[in-house]
Amino acid sequence: PQLTLARFIEAGHFGAHVRSMRLLYAGRMKILVALIEEYLFDYVKPVVPDGGMQIPCKLICDLSEQSVIDSARRAGVDLFGLTGLYASAKPQAGFLLGFAAYTPMEMEAAVKILANVFRGLLRAAVTSRSF
């Protein structure tokens with residue numbers, strides 16, 4: 001296996017693979033940012049990274065990070081919260097959205113589910129305040 005890998009790298013196949021994946025991931029990130037801006041603009045602000053495979057989304061609505069994560073999970077979308085990632089700065093509530101392993105259609109479906117989750121949570125919050 002090591003010889004095969006060495007030949008793969010020496011022949012330039014690994015570099016070509018890395019370049020093609022960078023293009024693919026950049027395109028997927030652009031699509032996900034557009035979906036966030038279209039469907040989630042009232043709820044989160046995406047922090048577009050220079051690299052990586054996830055987009056941090058900071059909550060800008062009056063909901064707790066945990067309630068969003070729990071409700072999204074019940075709706076079939078797993079989210080990873082931001083507050084647990086802070087070591088020293090004041091934590092900001094939100095979550096990570098990954099894009100590397102998903103097609104544009106899968107990302108759109110998940111973002112639409114999240115939009116419904118946010119609408120439901122905010123509707124429930126308004127209803128509970130009116131009592």
# chains A, B, ... in the order shown; residues from 1 in each chain; ligands from 1

call {"tool": "residues_around", "arguments": {"residues": "segment 96-113 of chain A", "least_positions_apart": "5", "cutoff": "8 Å", "atoms": "only C-alpha atoms", "output": "list in words"}}
result
Tyr25, Arg28, Met29, Ile31, Leu32, Leu35, Ile36, Tyr39, Leu40, Met53, Gln54, Ile55, Pro56, Cys57, Ala72, Ala75, Val77, Leu79, Phe80, Gly81 and Leu82 of chain A

call {"tool": "select_by_dssp", "arguments": {"residues": "segment 44-106 of chain A", "states": "strand (DSSP E or B)", "output": "NGL selection string"}}
result
:A and (44-46 or 54-59 or 80-81 or 94-98)

call {"tool": "residues_around", "arguments": {"residues": "Leu121 of chain A", "least_positions_apart": "4", "cutoff": "8 Å", "atoms": "only C-alpha atoms", "output": "PyMOL selection string"}}
result
chain A and resi 63+68+117+125

call {"tool": "write_last_selection", "arguments": {"atoms": "C-alpha atoms", "output": "PDB file, in the first residue's frame"}}
result
ATOM      1  CA  LEU A  63     -33.605  31.712  20.921  1.00  0.00           C
ATOM      2  CA  VAL A  68     -32.349  25.247  18.265  1.00  0.00           C
ATOM      3  CA  VAL A 117     -37.525  24.816  13.003  1.00  0.00           C
ATOM      4  CA  ALA A 125     -42.006  31.647  22.127  1.00  0.00           C
TER       5      ALA A 125
END

call {"tool": "atom_distance", "arguments": {"atom1": "atom CA of Gly76 of chain A", "atom2": "atom CA of Leu114 of chain A"}}
result
9.5 Å

call {"tool": "select_by_dssp", "arguments": {"residues": "segment 13-105 of chain A", "states": "alpha helix (DSSP H)", "output": "PyMOL selection string"}}
result
chain A and resi 13-39+65-74+104-105

call {"tool": "residues_around", "arguments": {"residues": "Cys61 of chain A", "least_positions_apart": "4", "cutoff": "10 Å", "atoms": "only C-alpha atoms", "output": "PyMOL selection string"}}
result
chain A and resi 41-45+118+122

call {"tool": "closest_residue", "arguments": {"among": "A:Gln2, A:Ser20, A:Ser71, A:Thr83", "to": "Arg119 of chain A", "atoms": "only C-alpha atoms"}}
result
A:Ser71

call {"tool": "atom_distance", "arguments": {"atom1": "atom CA of Ala26 of chain A", "atom2": "atom CA of Gly52 of chain A"}}
result
9.3 Å

call {"tool": "atom_distance", "arguments": {"atom1": "atom CA of Asp78 of chain A", "atom2": "atom CA of Leu23 of chain A"}}
result
25.5 Å
